[in-house]
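Structure file target_7.cif (mmCIF, C-alpha atoms) is printed below.
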data_my_file
loop_
_atom_site.group_PDB
_atom_site.id
_atom_site.type_symbol
_atom_site.label_atom_id
_atom_site.label_comp_id
_atom_site.auth_asym_id
_atom_site.auth_seq_id
_atom_site.Cartn_x
_atom_site.Cartn_y
_atom_site.Cartn_z
ATOM 1 C CA GLU A 216 -2.384 3.455 -15.388
ATOM 2 C CA GLN A 217 0.254 0.776 -15.312
ATOM 3 C CA LEU A 218 1.441 -0.886 -12.115
ATOM 4 C CA ALA A 219 5.216 -0.437 -11.688
ATOM 5 C CA ALA A 220 5.726 -2.063 -8.267
ATOM 6 C CA GLN A 221 3.595 -3.600 -5.557
ATOM 7 C CA ALA A 222 3.984 -4.981 -2.038
ATOM 8 C CA ASP A 223 1.150 -7.039 -0.550
ATOM 9 C CA VAL A 224 1.757 -7.466 3.157
ATOM 10 C CA MET A 225 -0.100 -7.954 6.413
ATOM 11 C CA PRO A 226 0.725 -5.502 9.217
ATOM 12 C CA TYR A 227 3.472 -6.356 11.666
ATOM 13 C CA GLY A 228 5.210 -8.959 9.525
ATOM 14 C CA TRP A 229 2.095 -10.940 8.603
ATOM 15 C CA THR A 230 0.980 -11.240 12.254
ATOM 16 C CA TYR A 231 -1.971 -8.806 12.492
ATOM 17 C CA PRO A 232 -4.741 -9.495 9.899
ATOM 18 C CA THR A 233 -7.456 -6.912 9.250
ATOM 19 C CA SER A 234 -10.053 -9.317 10.677
ATOM 20 C CA TRP A 235 -8.537 -8.710 14.138
ATOM 21 C CA TRP A 236 -8.811 -4.910 13.948
ATOM 22 C CA GLU A 237 -11.327 -3.088 16.156
ATOM 23 C CA VAL A 238 -13.651 -0.419 14.744
ATOM 24 C CA GLY A 239 -11.827 2.920 14.904
ATOM 25 C CA GLU A 240 -8.458 1.322 15.651
ATOM 26 C CA VAL A 241 -5.451 3.032 14.076
ATOM 27 C CA VAL A 242 -2.886 0.587 12.701
ATOM 28 C CA SER A 243 0.509 1.934 11.686
ATOM 29 C CA ASP A 244 3.242 -0.075 10.021
ATOM 30 C CA GLU A 245 6.300 0.505 7.840
ATOM 31 C CA ILE A 246 6.354 -1.288 4.488
ATOM 32 C CA THR A 247 9.311 -1.559 2.136
ATOM 33 C CA LEU A 248 8.482 -1.252 -1.549
ATOM 34 C CA PRO A 249 11.275 -2.643 -3.733
ATOM 35 C CA LEU A 250 11.966 -0.320 -6.684
ATOM 36 C CA THR A 251 15.193 -1.789 -8.077
ATOM 37 C CA ASP A 252 13.601 -2.866 -11.382
ATOM 38 C CA VAL A 253 11.451 0.245 -11.857
ATOM 39 C CA PRO A 254 12.625 2.596 -14.632
ATOM 40 C CA SER A 255 13.389 6.239 -13.830
ATOM 41 C CA GLY A 256 10.443 8.606 -13.930
ATOM 42 C CA ASN A 257 7.565 10.008 -11.879
ATOM 43 C CA TYR A 258 5.156 7.648 -10.149
ATOM 44 C CA ARG A 259 2.072 7.973 -7.977
ATOM 45 C CA LEU A 260 2.208 6.076 -4.697
ATOM 46 C CA TYR A 261 -1.066 4.553 -3.457
ATOM 47 C CA ILE A 262 -2.131 2.490 -0.472
ATOM 48 C CA GLY A 263 -5.100 0.149 -0.155
ATOM 49 C CA VAL A 264 -6.434 -2.141 2.563
ATOM 50 C CA TYR A 265 -7.805 -5.629 2.066
ATOM 51 C CA SER A 266 -10.146 -7.632 4.252
ATOM 52 C CA ASP A 267 -9.434 -11.327 4.749
ATOM 53 C CA ASP A 268 -12.756 -12.230 3.160
ATOM 54 C CA ARG A 269 -14.155 -9.190 1.308
ATOM 55 C CA GLY A 270 -11.348 -7.999 -0.944
ATOM 56 C CA ARG A 271 -10.251 -4.384 -1.070
ATOM 57 C CA LEU A 272 -11.972 -2.135 1.481
ATOM 58 C CA PRO A 273 -13.193 1.414 0.800
ATOM 59 C CA VAL A 274 -11.101 4.296 2.149
ATOM 60 C CA SER A 275 -12.590 7.344 3.865
ATOM 61 C CA VAL A 276 -11.965 9.681 0.908
ATOM 62 C CA GLY A 277 -13.864 7.465 -1.561
ATOM 63 C CA GLY A 278 -12.769 4.652 -3.791
ATOM 64 C CA ASP A 279 -10.679 1.704 -2.715
ATOM 65 C CA ARG A 280 -7.220 3.266 -2.578
ATOM 66 C CA TYR A 281 -5.619 6.444 -1.278
ATOM 67 C CA GLU A 282 -2.910 8.444 -3.046
ATOM 68 C CA LEU A 283 -0.032 9.088 -0.648
ATOM 69 C CA ASP A 284 2.355 11.055 -2.804
ATOM 70 C CA GLU A 285 4.131 11.299 -6.135
ATOM 71 C CA ILE A 286 7.705 10.048 -6.171
ATOM 72 C CA THR A 287 10.530 10.464 -8.658
ATOM 73 C CA ILE A 288 13.002 7.718 -9.404
ATOM 74 C CA PRO A 289 16.104 9.442 -10.803
ATOM 75 C CA LYS A 290 18.089 8.259 -13.785
ATOM 76 C CA GLU A 291 21.218 6.350 -12.922
ATOM 77 C CA PRO A 292 24.408 8.432 -13.306
#
Is it possible to give me this structure as structure tokens?
Amino acid sequence: EQLAAQADVMPYGWTYPTSWWEVGEVVSDEITLPLTDVPSGNYRLYIGVYSDDRGRLPVSVGGDRYELDEITIPKEP
């Protein structure tokens, strides 16, 4: 797999680090992923969570990332 785009952010505009989260807390945030330089085609969209001091954390379905969806970037007219 080749990485086409990436956005590394902290929830709520870099104001809520994972080290502050409580066990079982649900954190929801909207993240913009810039795709202006990504060629047309089909891409898998993944999400991962990092700890401040331990790197990428495991997700509940196994592994260290979760596949959200597949997206298609259309060809320009």
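Of the residues listed (A:Val238, A:Ile288, A:Val264, A:Val276), A:Val264 shows the shortest atom-to-atom separation from Val224 of chain A; distances use all atoms listed in the file.
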Residues at most 10 Å from Lys290 of chain A, counting only C-alpha atoms, excluding those fewer than 4 positions away in the same chain, as an mmCIF file with C-alpha atoms, keeping the file's coordinate frame?
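Written out: part.cif:
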data_model
loop_
_atom_site.group_PDB
_atom_site.id
_atom_site.type_symbol
_atom_site.label_atom_id
_atom_site.label_comp_id
_atom_site.auth_asym_id
_atom_site.auth_seq_id
_atom_site.Cartn_x
_atom_site.Cartn_y
_atom_site.Cartn_z
ATOM 1 C CA PRO A 254 12.625 2.596 -14.632
ATOM 2 C CA SER A 255 13.389 6.239 -13.830
ATOM 3 C CA GLY A 256 10.443 8.606 -13.930
#
Find the residues around Tyr281 of chain A up to 12 Å (all atoms listed in the file counted), leave out those fewer than 5 positions away in its own chain, and share them as number ranges by chain.
A: 259-264, 271-276
I need the residue set behind the PyMOL selection byres ((chain A and resi 225) around 12) for this file; please write it as an mmCIF file with C-alpha atoms, in the coordinates of the input.
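The result, written out as part_8.cif:
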data_model
loop_
_atom_site.group_PDB
_atom_site.id
_atom_site.type_symbol
_atom_site.label_atom_id
_atom_site.label_comp_id
_atom_site.auth_asym_id
_atom_site.auth_seq_id
_atom_site.Cartn_x
_atom_site.Cartn_y
_atom_site.Cartn_z
ATOM 1 C CA ALA A 222 3.984 -4.981 -2.038
ATOM 2 C CA ASP A 223 1.150 -7.039 -0.550
ATOM 3 C CA VAL A 224 1.757 -7.466 3.157
ATOM 4 C CA PRO A 226 0.725 -5.502 9.217
ATOM 5 C CA TYR A 227 3.472 -6.356 11.666
ATOM 6 C CA GLY A 228 5.210 -8.959 9.525
ATOM 7 C CA TRP A 229 2.095 -10.940 8.603
ATOM 8 C CA THR A 230 0.980 -11.240 12.254
ATOM 9 C CA TYR A 231 -1.971 -8.806 12.492
ATOM 10 C CA PRO A 232 -4.741 -9.495 9.899
ATOM 11 C CA THR A 233 -7.456 -6.912 9.250
ATOM 12 C CA SER A 234 -10.053 -9.317 10.677
ATOM 13 C CA TRP A 235 -8.537 -8.710 14.138
ATOM 14 C CA TRP A 236 -8.811 -4.910 13.948
ATOM 15 C CA VAL A 242 -2.886 0.587 12.701
ATOM 16 C CA SER A 243 0.509 1.934 11.686
ATOM 17 C CA ASP A 244 3.242 -0.075 10.021
ATOM 18 C CA GLU A 245 6.300 0.505 7.840
ATOM 19 C CA ILE A 246 6.354 -1.288 4.488
ATOM 20 C CA GLY A 263 -5.100 0.149 -0.155
ATOM 21 C CA VAL A 264 -6.434 -2.141 2.563
ATOM 22 C CA TYR A 265 -7.805 -5.629 2.066
ATOM 23 C CA SER A 266 -10.146 -7.632 4.252
ATOM 24 C CA ASP A 267 -9.434 -11.327 4.749
#
Expand the PyMOL selection byres ((chain A and resi 287) around 7) into the explicit residue set it covers here, and present it as a compact mmCIF listing (two decimals) with C-alpha atoms, in the coordinates of the input.
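So the final result, stored in result_34.txt, reads:
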# COMPACT_ATOMS: atom_id res chain seq x y z
CA GLY A 256 10.44 8.61 -13.93
CA ASN A 257 7.56 10.01 -11.88
CA TYR A 258 5.16 7.65 -10.15
CA GLU A 285 4.13 11.30 -6.14
CA ILE A 286 7.70 10.05 -6.17
CA ILE A 288 13.00 7.72 -9.40
CA PRO A 289 16.10 9.44 -10.80
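Of note, atom CA of Thr247 of chain A and atom CA of Ala220 of chain A are spaced 11.0 Å apart.
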Some atoms are absent from segment 249-260 of chain A, so rebuild all heavy atoms and return them as a PDB file, keeping the file's coordinate frame.
ATOM      1  N   PRO A 249      10.067  -2.527  -2.912  1.00  0.00           N
ATOM      2  CA  PRO A 249      11.275  -2.643  -3.733  1.00  0.00           C
ATOM      3  C   PRO A 249      11.094  -1.954  -5.095  1.00  0.00           C
ATOM      4  O   PRO A 249      10.113  -2.186  -5.789  1.00  0.00           O
ATOM      5  CB  PRO A 249      11.462  -4.152  -3.902  1.00  0.00           C
ATOM      6  CG  PRO A 249      10.157  -4.775  -3.554  1.00  0.00           C
ATOM      7  CD  PRO A 249       9.398  -3.792  -2.709  1.00  0.00           C
ATOM      8  N   LEU A 250      12.044  -1.092  -5.435  1.00  0.00           N
ATOM      9  CA  LEU A 250      11.966  -0.320  -6.684  1.00  0.00           C
ATOM     10  C   LEU A 250      13.167  -0.545  -7.590  1.00  0.00           C
ATOM     11  O   LEU A 250      13.374   0.197  -8.547  1.00  0.00           O
ATOM     12  CB  LEU A 250      11.843   1.175  -6.356  1.00  0.00           C
ATOM     13  CG  LEU A 250      10.639   1.587  -5.523  1.00  0.00           C
ATOM     14  CD1 LEU A 250      10.719   3.061  -5.154  1.00  0.00           C
ATOM     15  CD2 LEU A 250       9.339   1.284  -6.254  1.00  0.00           C
ATOM     16  N   THR A 251      13.954  -1.571  -7.327  1.00  0.00           N
ATOM     17  CA  THR A 251      15.193  -1.789  -8.077  1.00  0.00           C
ATOM     18  C   THR A 251      14.974  -2.014  -9.565  1.00  0.00           C
ATOM     19  O   THR A 251      15.822  -1.659 -10.367  1.00  0.00           O
ATOM     20  CB  THR A 251      15.985  -2.975  -7.492  1.00  0.00           C
ATOM     21  OG1 THR A 251      15.131  -4.110  -7.433  1.00  0.00           O
ATOM     22  CG2 THR A 251      16.507  -2.652  -6.111  1.00  0.00           C
ATOM     23  N   ASP A 252      13.855  -2.587  -9.966  1.00  0.00           N
ATOM     24  CA  ASP A 252      13.601  -2.866 -11.382  1.00  0.00           C
ATOM     25  C   ASP A 252      12.665  -1.851 -12.031  1.00  0.00           C
ATOM     26  O   ASP A 252      12.231  -2.040 -13.167  1.00  0.00           O
ATOM     27  CB  ASP A 252      13.013  -4.272 -11.536  1.00  0.00           C
ATOM     28  CG  ASP A 252      14.002  -5.348 -11.129  1.00  0.00           C
ATOM     29  OD1 ASP A 252      15.209  -5.132 -11.293  1.00  0.00           O
ATOM     30  OD2 ASP A 252      13.556  -6.401 -10.633  1.00  0.00           O
ATOM     31  N   VAL A 253      12.362  -0.768 -11.326  1.00  0.00           N
ATOM     32  CA  VAL A 253      11.451   0.245 -11.857  1.00  0.00           C
ATOM     33  C   VAL A 253      12.261   1.297 -12.608  1.00  0.00           C
ATOM     34  O   VAL A 253      13.225   1.841 -12.069  1.00  0.00           O
ATOM     35  CB  VAL A 253      10.644   0.897 -10.714  1.00  0.00           C
ATOM     36  CG1 VAL A 253       9.757   2.002 -11.240  1.00  0.00           C
ATOM     37  CG2 VAL A 253       9.821  -0.155  -9.978  1.00  0.00           C
ATOM     38  N   PRO A 254      11.890   1.588 -13.858  1.00  0.00           N
ATOM     39  CA  PRO A 254      12.625   2.596 -14.632  1.00  0.00           C
ATOM     40  C   PRO A 254      12.505   3.988 -14.011  1.00  0.00           C
ATOM     41  O   PRO A 254      11.570   4.271 -13.269  1.00  0.00           O
ATOM     42  CB  PRO A 254      11.943   2.581 -15.999  1.00  0.00           C
ATOM     43  CG  PRO A 254      11.075   1.382 -16.028  1.00  0.00           C
ATOM     44  CD  PRO A 254      10.812   0.987 -14.617  1.00  0.00           C
ATOM     45  N   SER A 255      13.448   4.867 -14.334  1.00  0.00           N
ATOM     46  CA  SER A 255      13.389   6.239 -13.830  1.00  0.00           C
ATOM     47  C   SER A 255      12.113   6.916 -14.335  1.00  0.00           C
ATOM     48  O   SER A 255      11.559   6.555 -15.368  1.00  0.00           O
ATOM     49  CB  SER A 255      14.624   7.023 -14.278  1.00  0.00           C
ATOM     50  OG  SER A 255      14.660   7.113 -15.685  1.00  0.00           O
ATOM     51  N   GLY A 256      11.647   7.873 -13.557  1.00  0.00           N
ATOM     52  CA  GLY A 256      10.443   8.606 -13.930  1.00  0.00           C
ATOM     53  C   GLY A 256       9.637   9.003 -12.710  1.00  0.00           C
ATOM     54  O   GLY A 256      10.042   8.785 -11.570  1.00  0.00           O
ATOM     55  N   ASN A 257       8.470   9.592 -12.949  1.00  0.00           N
ATOM     56  CA  ASN A 257       7.565  10.008 -11.879  1.00  0.00           C
ATOM     57  C   ASN A 257       6.470   8.965 -11.713  1.00  0.00           C
ATOM     58  O   ASN A 257       5.911   8.477 -12.705  1.00  0.00           O
ATOM     59  CB  ASN A 257       6.941  11.364 -12.197  1.00  0.00           C
ATOM     60  CG  ASN A 257       7.978  12.460 -12.255  1.00  0.00           C
ATOM     61  OD1 ASN A 257       8.961  12.425 -11.526  1.00  0.00           O
ATOM     62  ND2 ASN A 257       7.774  13.432 -13.123  1.00  0.00           N
ATOM     63  N   TYR A 258       6.156   8.673 -10.466  1.00  0.00           N
ATOM     64  CA  TYR A 258       5.156   7.648 -10.149  1.00  0.00           C
ATOM     65  C   TYR A 258       4.260   8.117  -9.015  1.00  0.00           C
ATOM     66  O   TYR A 258       4.712   8.818  -8.109  1.00  0.00           O
ATOM     67  CB  TYR A 258       5.842   6.347  -9.721  1.00  0.00           C
ATOM     68  CG  TYR A 258       6.664   5.718 -10.816  1.00  0.00           C
ATOM     69  CD1 TYR A 258       7.997   6.062 -10.999  1.00  0.00           C
ATOM     70  CD2 TYR A 258       6.100   4.789 -11.679  1.00  0.00           C
ATOM     71  CE1 TYR A 258       8.754   5.499 -12.009  1.00  0.00           C
ATOM     72  CE2 TYR A 258       6.848   4.224 -12.699  1.00  0.00           C
ATOM     73  CZ  TYR A 258       8.173   4.587 -12.854  1.00  0.00           C
ATOM     74  OH  TYR A 258       8.912   4.016 -13.861  1.00  0.00           O
ATOM     75  N   ARG A 259       3.001   7.709  -9.071  1.00  0.00           N
ATOM     76  CA  ARG A 259       2.072   7.973  -7.977  1.00  0.00           C
ATOM     77  C   ARG A 259       2.119   6.794  -7.021  1.00  0.00           C
ATOM     78  O   ARG A 259       2.114   5.645  -7.434  1.00  0.00           O
ATOM     79  CB  ARG A 259       0.653   8.148  -8.511  1.00  0.00           C
ATOM     80  CG  ARG A 259       0.486   9.403  -9.320  1.00  0.00           C
ATOM     81  CD  ARG A 259      -0.984   9.616  -9.649  1.00  0.00           C
ATOM     82  NE  ARG A 259      -1.113  10.754 -10.516  1.00  0.00           N
ATOM     83  CZ  ARG A 259      -1.574  10.692 -11.770  1.00  0.00           C
ATOM     84  NH1 ARG A 259      -1.982   9.553 -12.267  1.00  0.00           N
ATOM     85  NH2 ARG A 259      -1.644  11.769 -12.496  1.00  0.00           N
ATOM     86  N   LEU A 260       2.135   7.098  -5.730  1.00  0.00           N
ATOM     87  CA  LEU A 260       2.208   6.076  -4.697  1.00  0.00           C
ATOM     88  C   LEU A 260       0.846   5.980  -4.008  1.00  0.00           C
ATOM     89  O   LEU A 260       0.333   6.972  -3.489  1.00  0.00           O
ATOM     90  CB  LEU A 260       3.294   6.455  -3.689  1.00  0.00           C
ATOM     91  CG  LEU A 260       3.613   5.475  -2.590  1.00  0.00           C
ATOM     92  CD1 LEU A 260       4.112   4.155  -3.172  1.00  0.00           C
ATOM     93  CD2 LEU A 260       4.670   6.074  -1.659  1.00  0.00           C
TER      94      LEU A 260
END
